[in-house]
Amino acid sequence: MNIGIVCYPTFGGSGVIATELAKGLALRDHKVHILSYARPARLDTFQTNIAYHEVDLSSYPLFEFPPYDLALANVIVNLIQFEKLDVLHVHYAIPHATSAYLAKQILAEKAAHVPIITTLHGTDITIVGSDPSYKQVVDFSINQSDGVTAVSEYLKEETYNRFDIRKDIRVIPNFIDIERFKQTKKGHFKKAISPEGGKVLVHVSNFREVKRVPEVVSVFHKVLQNGIEAKLLMVGDGPDRQKAESRCRELGICDQVRFLGKQEQVEEVLSVADLFLIPSGSETFGLAALEAMSCSVQVISSNIGGLPEVNIHGETGYLCDLDDIDCMADYAVKILKDDKLHARMAKNARKRAEIFELGKLVSVYESYYKEIAAGMKKGQ
Ligand code: GMT
């Protein structure tokens, strides 16, 4: 098939999933076109069958905010017309589903019909999408898509609860490249981080408020108070980094916390981790948790959103109520103090991650594209 994929280029989960899906489809001989305003972080090497189309925003003195939605719609129209796409798959509803709808209307005049599939990822529904500034448009654009998928059962239900959706939403969970994300021997790195041989705790996110990064530091502080020698690696960057650094200073534990910034090879950091912390206040799936689990790292998370569909309490780690720092620290200590439990949960985490193996879910998306395309042909 000739497939168009629209996504954000940043380190956020939706961009990662869209790019990995593109790579997986390209390996199966589909021709994939990725559309974004910058080269996606995970599109780091040349791959036959993948073309990248940058949406160019020409500036004009009148525009304080150049209309990206229109520029994107324009690129979509060109691609469908000249590259003869069989399907257009947009990741994250805002503004991608709306640009796709606009392109569809323009193309209808030219009698070109291409199925449009929207994958809902998270904050496009739970935070930004539900904001009154966007809600009506998001609602409309989702309903205008030919196929709609959500990355978890939780997100599907939230979408029905928050919007007036008349479409059937298919749950297709996020996935992981288990060959890339696996524990590798990184003894020298572990020694550099923790020369005295203590435990290494890791957090990875884009440091937005929902990620609760200061709380990660608080959980870690309590772990130290329990007499566990440990270091905390904070991977990523974003608006709440200062707050997290301040929390370290307030608690007097700056020497034990390292802020590594954005990392391309997260799997290398995860390979030295003894525990992963993700106390998010909103998480529709928790791709970062899945990446950790695939590297055989146990997860301590909040029990909100889609996290319980990924991290299984008592098996792959533990889940606690939102902001219950004591609970998260107690479970962290429990795992870190018990080698047998630690080893069992590491194995379980990897096993659970294998359920979300990339190849299986690329096949599910392939079938879904065909199903939606066939449905459209029937309806014509
Ligand atoms: O909100 C983010 O962290 C970024 C966002 C995205 O769409 O880029 O992440 C959401 O989608 C990810 C991939 O499907 C999910 O794994 C994350 O749980 C989800 N984030 C939130 O719901 C906060």
# chains A, B, ... in the order shown; residues from 1 in each chain; ligands from 1
$ residues_around --residues "range 119-131 of chain A" --least-positions-apart "5" --cutoff "6 Å" --atoms "only C-alpha atoms" --output "ChimeraX atom specification"
/A:91-93,148-151,284
$ residues_around --residues "range 200-216 of chain A" --least-positions-apart "3" --cutoff "8 Å" --atoms "only C-alpha atoms" --output "number ranges by chain"
A: 11-12, 194, 219-220, 230-241, 243-245, 247, 269-270, 272-283, 288, 323, 325
$ closest_residue --among "A:Leu21, A:Val137, A:Cys7, A:Ile304" --to "Pro40 in chain A" --atoms "only C-alpha atoms"
A:Cys7
$ select_by_dssp --residues "range 154-313 of chain A" --states "strand (DSSP E)" --output "CSV table (one decimal) with C-alpha atoms, in the first residue's frame"
chain,number,residue,atom,x,y,z
A,169,ILE,CA,-13.4,3.2,18.1
A,170,ARG,CA,-11.0,0.3,17.7
A,171,VAL,CA,-8.5,-0.2,20.4
A,199,LYS,CA,20.6,0.7,42.9
A,200,VAL,CA,19.7,2.8,39.9
A,201,LEU,CA,16.2,4.2,39.6
A,202,VAL,CA,15.1,5.8,36.3
A,203,HIS,CA,12.4,8.1,35.1
A,204,VAL,CA,11.8,9.0,31.5
A,230,ALA,CA,20.7,4.5,45.2
A,231,LYS,CA,20.9,7.0,42.3
A,232,LEU,CA,18.1,8.5,40.3
A,233,LEU,CA,18.5,9.1,36.6
A,234,MET,CA,16.0,11.7,35.2
A,235,VAL,CA,15.8,11.3,31.4
A,257,VAL,CA,20.1,12.7,41.2
A,258,ARG,CA,21.4,13.1,37.7
A,259,PHE,CA,19.4,15.0,35.0
A,260,LEU,CA,20.5,13.5,31.7
A,261,GLY,CA,18.3,15.6,29.4
A,275,LEU,CA,13.4,0.2,38.9
A,276,PHE,CA,11.3,2.6,36.8
A,277,LEU,CA,9.2,5.3,38.3
A,278,ILE,CA,6.1,6.8,36.5
A,299,VAL,CA,7.6,-0.4,37.2
A,300,ILE,CA,6.2,1.6,40.0
A,301,SER,CA,3.3,3.7,38.6
A,302,SER,CA,0.1,5.5,39.5
$ closest_residue --among "A:Cys320, A:Asn311, A:Tyr52, A:Met1" --to "Ser294 in chain A" --atoms "only C-alpha atoms"
A:Asn311
$ residues_around --residues "Gln136 in chain A" --least-positions-apart "2" --cutoff "12 Å" --atoms "only C-alpha atoms" --output "compact mmCIF listing (two decimals) with all heavy atoms, in the first residue's frame"
# COMPACT_ATOMS: atom_id res chain seq x y z
N ILE A 94 -5.37 16.61 17.25
CA ILE A 94 -5.25 18.07 17.05
C ILE A 94 -3.92 18.44 16.42
O ILE A 94 -2.88 18.10 16.99
CB ILE A 94 -5.35 18.82 18.39
CG1 ILE A 94 -6.60 18.37 19.14
CG2 ILE A 94 -5.36 20.31 18.18
CD1 ILE A 94 -6.64 18.89 20.56
N THR A 98 -8.25 17.38 11.79
CA THR A 98 -8.96 18.50 11.18
C THR A 98 -8.34 18.85 9.81
O THR A 98 -9.06 19.09 8.84
CB THR A 98 -8.92 19.73 12.12
OG1 THR A 98 -9.26 19.28 13.43
CG2 THR A 98 -9.88 20.80 11.67
N ILE A 125 -7.25 14.02 23.73
CA ILE A 125 -8.60 13.76 24.25
C ILE A 125 -8.71 14.25 25.69
O ILE A 125 -9.61 15.02 26.04
CB ILE A 125 -8.90 12.23 24.21
CG1 ILE A 125 -8.90 11.73 22.75
CG2 ILE A 125 -10.21 11.88 24.93
CD1 ILE A 125 -9.90 12.41 21.83
N VAL A 128 -5.95 18.57 26.15
CA VAL A 128 -6.10 19.64 25.15
C VAL A 128 -7.44 19.52 24.41
O VAL A 128 -8.16 20.50 24.23
CB VAL A 128 -4.95 19.60 24.10
CG1 VAL A 128 -4.83 20.93 23.39
CG2 VAL A 128 -3.62 19.23 24.73
N GLY A 129 -7.75 18.30 23.98
CA GLY A 129 -8.96 18.09 23.18
C GLY A 129 -10.23 18.45 23.92
O GLY A 129 -11.21 18.90 23.33
N SER A 130 -10.22 18.26 25.24
CA SER A 130 -11.42 18.53 26.03
C SER A 130 -11.52 20.01 26.40
O SER A 130 -12.53 20.43 26.97
CB SER A 130 -11.39 17.73 27.32
OG SER A 130 -11.16 16.39 27.04
N ASP A 131 -10.47 20.75 26.13
CA ASP A 131 -10.49 22.18 26.44
C ASP A 131 -11.55 22.85 25.57
O ASP A 131 -11.61 22.60 24.36
CB ASP A 131 -9.08 22.73 26.12
CG ASP A 131 -8.91 24.16 26.57
OD1 ASP A 131 -9.66 25.05 26.09
OD2 ASP A 131 -8.01 24.38 27.39
N PRO A 132 -12.39 23.72 26.16
CA PRO A 132 -13.45 24.35 25.37
C PRO A 132 -12.92 25.08 24.12
O PRO A 132 -13.66 25.24 23.15
CB PRO A 132 -14.07 25.36 26.34
CG PRO A 132 -13.69 24.89 27.70
CD PRO A 132 -12.42 24.10 27.57
N SER A 133 -11.64 25.46 24.14
CA SER A 133 -11.10 26.16 22.95
C SER A 133 -11.05 25.26 21.72
O SER A 133 -10.94 25.75 20.60
CB SER A 133 -9.68 26.66 23.20
OG SER A 133 -9.47 27.05 24.49
N TYR A 134 -11.03 23.96 21.93
CA TYR A 134 -10.88 23.03 20.80
C TYR A 134 -12.00 22.00 20.66
O TYR A 134 -12.16 21.37 19.62
CB TYR A 134 -9.57 22.24 20.93
CG TYR A 134 -8.32 23.08 20.97
CD1 TYR A 134 -7.60 23.23 22.15
CD2 TYR A 134 -7.85 23.74 19.83
CE1 TYR A 134 -6.45 24.01 22.20
CE2 TYR A 134 -6.71 24.52 19.88
CZ TYR A 134 -6.02 24.66 21.06
OH TYR A 134 -4.89 25.42 21.11
N VAL A 138 -12.60 19.18 17.63
CA VAL A 138 -12.06 17.82 17.80
C VAL A 138 -13.18 16.80 17.63
O VAL A 138 -13.04 15.80 16.91
CB VAL A 138 -11.39 17.68 19.20
CG1 VAL A 138 -10.96 16.25 19.46
CG2 VAL A 138 -10.18 18.62 19.29
N ASP A 139 -14.31 17.07 18.27
CA ASP A 139 -15.47 16.20 18.18
C ASP A 139 -15.85 15.97 16.70
O ASP A 139 -15.95 14.84 16.21
CB ASP A 139 -16.62 16.92 18.91
CG ASP A 139 -17.73 15.98 19.30
OD1 ASP A 139 -18.15 15.20 18.44
OD2 ASP A 139 -18.17 16.02 20.45
N PHE A 140 -15.99 17.07 15.99
CA PHE A 140 -16.37 17.01 14.57
C PHE A 140 -15.34 16.23 13.76
O PHE A 140 -15.68 15.35 12.96
CB PHE A 140 -16.50 18.45 14.04
CG PHE A 140 -16.77 18.52 12.57
CD1 PHE A 140 -18.06 18.36 12.08
CD2 PHE A 140 -15.74 18.75 11.66
CE1 PHE A 140 -18.31 18.43 10.70
CE2 PHE A 140 -15.98 18.81 10.30
CZ PHE A 140 -17.27 18.66 9.82
N SER A 141 -14.07 16.55 13.97
CA SER A 141 -13.01 15.95 13.13
C SER A 141 -12.90 14.45 13.36
O SER A 141 -12.66 13.69 12.43
CB SER A 141 -11.67 16.62 13.42
OG SER A 141 -11.79 18.01 13.27
N ILE A 142 -13.08 14.02 14.61
CA ILE A 142 -13.03 12.58 14.87
C ILE A 142 -14.19 11.89 14.14
O ILE A 142 -14.03 10.86 13.49
CB ILE A 142 -13.08 12.28 16.39
CG1 ILE A 142 -11.83 12.81 17.08
CG2 ILE A 142 -13.23 10.78 16.66
CD1 ILE A 142 -11.84 12.74 18.60
N ASN A 143 -15.36 12.49 14.25
CA ASN A 143 -16.53 11.89 13.59
C ASN A 143 -16.40 11.85 12.07
O ASN A 143 -17.04 11.04 11.40
CB ASN A 143 -17.80 12.64 13.99
CG ASN A 143 -18.33 12.16 15.33
OD1 ASN A 143 -18.40 10.94 15.56
ND2 ASN A 143 -18.66 13.07 16.21
N ARG A 162 -16.26 11.91 26.94
CA ARG A 162 -16.01 13.34 26.83
C ARG A 162 -16.57 13.97 25.57
O ARG A 162 -16.76 15.17 25.50
CB ARG A 162 -14.50 13.62 26.86
CG ARG A 162 -13.89 13.39 28.24
CD ARG A 162 -12.39 13.45 28.12
NE ARG A 162 -11.74 13.07 29.36
CZ ARG A 162 -11.13 13.91 30.17
NH1 ARG A 162 -11.07 15.17 29.89
NH2 ARG A 162 -10.56 13.47 31.28
N PHE A 163 -16.76 13.15 24.52
CA PHE A 163 -17.20 13.70 23.23
C PHE A 163 -18.47 12.98 22.77
O PHE A 163 -18.84 11.95 23.31
CB PHE A 163 -16.10 13.52 22.17
CG PHE A 163 -14.83 14.27 22.47
CD1 PHE A 163 -13.82 13.69 23.21
CD2 PHE A 163 -14.67 15.56 22.01
CE1 PHE A 163 -12.65 14.38 23.49
CE2 PHE A 163 -13.50 16.27 22.28
CZ PHE A 163 -12.49 15.67 23.02
N ASP A 164 -19.04 13.55 21.73
CA ASP A 164 -20.27 12.96 21.19
C ASP A 164 -19.89 12.15 19.95
O ASP A 164 -20.17 12.55 18.82
CB ASP A 164 -21.22 14.12 20.85
CG ASP A 164 -22.59 13.62 20.50
OD1 ASP A 164 -22.87 12.44 20.77
OD2 ASP A 164 -23.36 14.41 19.92
N ILE A 165 -19.23 11.02 20.16
CA ILE A 165 -18.65 10.27 19.04
C ILE A 165 -19.65 9.23 18.52
O ILE A 165 -20.17 8.41 19.30
CB ILE A 165 -17.32 9.59 19.48
CG1 ILE A 165 -16.32 10.64 19.96
CG2 ILE A 165 -16.73 8.74 18.35
CD1 ILE A 165 -15.89 11.67 18.94
$ residues_around --residues "Ala353 in chain A" --least-positions-apart "6" --cutoff "9 Å" --atoms "only C-alpha atoms" --output "list of chain:residue names"
A:Phe175, A:Ile176, A:Ile178, A:Leu290, A:Glu291, A:Ala292, A:Met293, A:Ser294, A:Cys295, A:Ser296, A:Val310
$ write_last_selection --atoms "N, CA, C and O atoms" --output "tab-separated table (two decimals), in the first residue's frame"
chain	number	residue	atom	x	y	z
A	175	PHE	N	2.94	-0.29	20.91
A	175	PHE	CA	3.80	-1.47	20.73
A	175	PHE	C	5.26	-1.11	20.99
A	175	PHE	O	5.60	0.06	21.19
A	176	ILE	N	6.10	-2.13	20.95
A	176	ILE	CA	7.50	-1.92	21.30
A	176	ILE	C	8.38	-2.81	20.44
A	176	ILE	O	8.01	-3.96	20.16
A	178	ILE	N	10.94	-5.11	20.58
A	178	ILE	CA	11.56	-5.86	21.70
A	178	ILE	C	13.00	-6.25	21.39
A	178	ILE	O	13.74	-6.65	22.28
A	290	LEU	N	6.21	0.80	29.16
A	290	LEU	CA	6.38	-0.39	28.30
A	290	LEU	C	7.84	-0.52	27.85
A	290	LEU	O	8.38	-1.63	27.80
A	291	GLU	N	8.47	0.60	27.54
A	291	GLU	CA	9.88	0.56	27.13
A	291	GLU	C	10.74	0.01	28.27
A	291	GLU	O	11.65	-0.80	28.05
A	292	ALA	N	10.44	0.46	29.48
A	292	ALA	CA	11.19	-0.04	30.65
A	292	ALA	C	10.96	-1.53	30.82
A	292	ALA	O	11.91	-2.32	30.98
A	293	MET	N	9.70	-1.95	30.74
A	293	MET	CA	9.38	-3.38	30.94
A	293	MET	C	10.07	-4.25	29.89
A	293	MET	O	10.54	-5.35	30.18
A	294	SER	N	10.14	-3.73	28.67
A	294	SER	CA	10.78	-4.50	27.61
A	294	SER	C	12.27	-4.69	27.91
A	294	SER	O	12.88	-5.67	27.47
A	295	CYS	N	12.84	-3.76	28.67
A	295	CYS	CA	14.25	-3.88	29.10
A	295	CYS	C	14.33	-4.61	30.44
A	295	CYS	O	15.32	-4.45	31.19
A	296	SER	N	13.29	-5.35	30.79
A	296	SER	CA	13.23	-6.14	32.03
A	296	SER	C	13.32	-5.28	33.28
A	296	SER	O	13.93	-5.67	34.28
A	310	VAL	N	-1.06	-1.83	31.17
A	310	VAL	CA	0.34	-2.12	30.80
A	310	VAL	C	1.06	-2.76	31.99
A	310	VAL	O	1.57	-3.88	31.90
$ closest_residue --among "A:Leu102, A:Leu107, A:Ala51, A:Leu27" --to "Asn78 in chain A" --atoms "only C-alpha atoms"
A:Leu107
$ residues_around --residues "range 63-74 of chain A" --least-positions-apart "5" --cutoff "10 Å" --atoms "only C-alpha atoms" --output "ChimeraX atom specification"
/A:6,35-37,54-58,79,94-104,106
$ select_by_dssp --residues "range 19-161 of chain A" --states "helix (DSSP H, G or I)" --output "VMD selection string"
chain A and resid 19 to 27 68 to 82 96 to 108 123 to 126 135 to 144 153 to 161
$ residues_around --residues "Asp86 in chain A" --least-positions-apart "2" --cutoff "9 Å" --atoms "only C-alpha atoms" --output "PyMOL selection string"
chain A and resi 1-4+80+84+88+113-115+369+373
$ write_last_selection --atoms "N, CA and C atoms" --output "PDB file, in the first residue's frame"
ATOM      1  N   MET A   1       0.849  -1.195   0.000  1.00  0.00           N
ATOM      2  CA  MET A   1       0.000   0.000   0.000  1.00  0.00           C
ATOM      3  C   MET A   1       0.886   1.248   0.000  1.00  0.00           C
ATOM      4  N   ASN A   2       0.294   2.336  -0.376  1.00  0.00           N
ATOM      5  CA  ASN A   2       0.968   3.621  -0.338  1.00  0.00           C
ATOM      6  C   ASN A   2       0.324   4.399   0.824  1.00  0.00           C
ATOM      7  N   ILE A   3       1.097   4.593   1.902  1.00  0.00           N
ATOM      8  CA  ILE A   3       0.487   5.052   3.164  1.00  0.00           C
ATOM      9  C   ILE A   3       1.059   6.403   3.589  1.00  0.00           C
ATOM     10  N   GLY A   4       0.188   7.334   3.942  1.00  0.00           N
ATOM     11  CA  GLY A   4       0.631   8.617   4.485  1.00  0.00           C
ATOM     12  C   GLY A   4       0.487   8.586   5.997  1.00  0.00           C
ATOM     13  N   ILE A  80      -1.930  13.066  -1.737  1.00  0.00           N
ATOM     14  CA  ILE A  80      -2.999  12.152  -2.158  1.00  0.00           C
ATOM     15  C   ILE A  80      -3.172  12.231  -3.682  1.00  0.00           C
ATOM     16  N   LYS A  84      -0.725   9.331  -4.991  1.00  0.00           N
ATOM     17  CA  LYS A  84      -1.801   8.318  -5.012  1.00  0.00           C
ATOM     18  C   LYS A  84      -1.806   7.461  -3.740  1.00  0.00           C
ATOM     19  N   LEU A  88      -4.558   7.459   4.571  1.00  0.00           N
ATOM     20  CA  LEU A  88      -3.859   8.492   5.335  1.00  0.00           C
ATOM     21  C   LEU A  88      -4.133   8.229   6.812  1.00  0.00           C
ATOM     22  N   HIS A 113     -10.806   9.949  -3.368  1.00  0.00           N
ATOM     23  CA  HIS A 113     -11.284   9.534  -2.036  1.00  0.00           C
ATOM     24  C   HIS A 113     -10.263   8.615  -1.393  1.00  0.00           C
ATOM     25  N   VAL A 114      -9.742   9.037  -0.257  1.00  0.00           N
ATOM     26  CA  VAL A 114      -8.760   8.217   0.446  1.00  0.00           C
ATOM     27  C   VAL A 114      -9.226   8.036   1.885  1.00  0.00           C
ATOM     28  N   PRO A 115      -9.205   6.802   2.386  1.00  0.00           N
ATOM     29  CA  PRO A 115      -9.637   6.609   3.778  1.00  0.00           C
ATOM     30  C   PRO A 115      -8.740   7.361   4.749  1.00  0.00           C
ATOM     31  N   TYR A 369      -6.290  -1.012   8.090  1.00  0.00           N
ATOM     32  CA  TYR A 369      -6.289  -0.160   6.886  1.00  0.00           C
ATOM     33  C   TYR A 369      -7.143  -0.819   5.796  1.00  0.00           C
ATOM     34  N   ALA A 373     -10.589   0.587   4.174  1.00  0.00           N
ATOM     35  CA  ALA A 373     -10.598   0.869   2.731  1.00  0.00           C
ATOM     36  C   ALA A 373     -11.697   0.057   2.051  1.00  0.00           C
TER      37      ALA A 373
END
$ closest_residue --among "A:Ser14, A:Lys351, A:Lys370, A:Arg42" --to "ligand 1" --atoms "only C-alpha atoms and all ligand atoms"
A:Ser14
$ closest_residue --among "A:Glu371, A:Lys378, A:Tyr318, A:Thr184" --to "Lys334 in chain A" --atoms "only C-alpha atoms"
A:Tyr318
$ residues_around --residues "Asp177 in chain A" --least-positions-apart "3" --cutoff "7 Å" --atoms "only C-alpha atoms" --output "ChimeraX atom specification"
/A:180-181,357-358
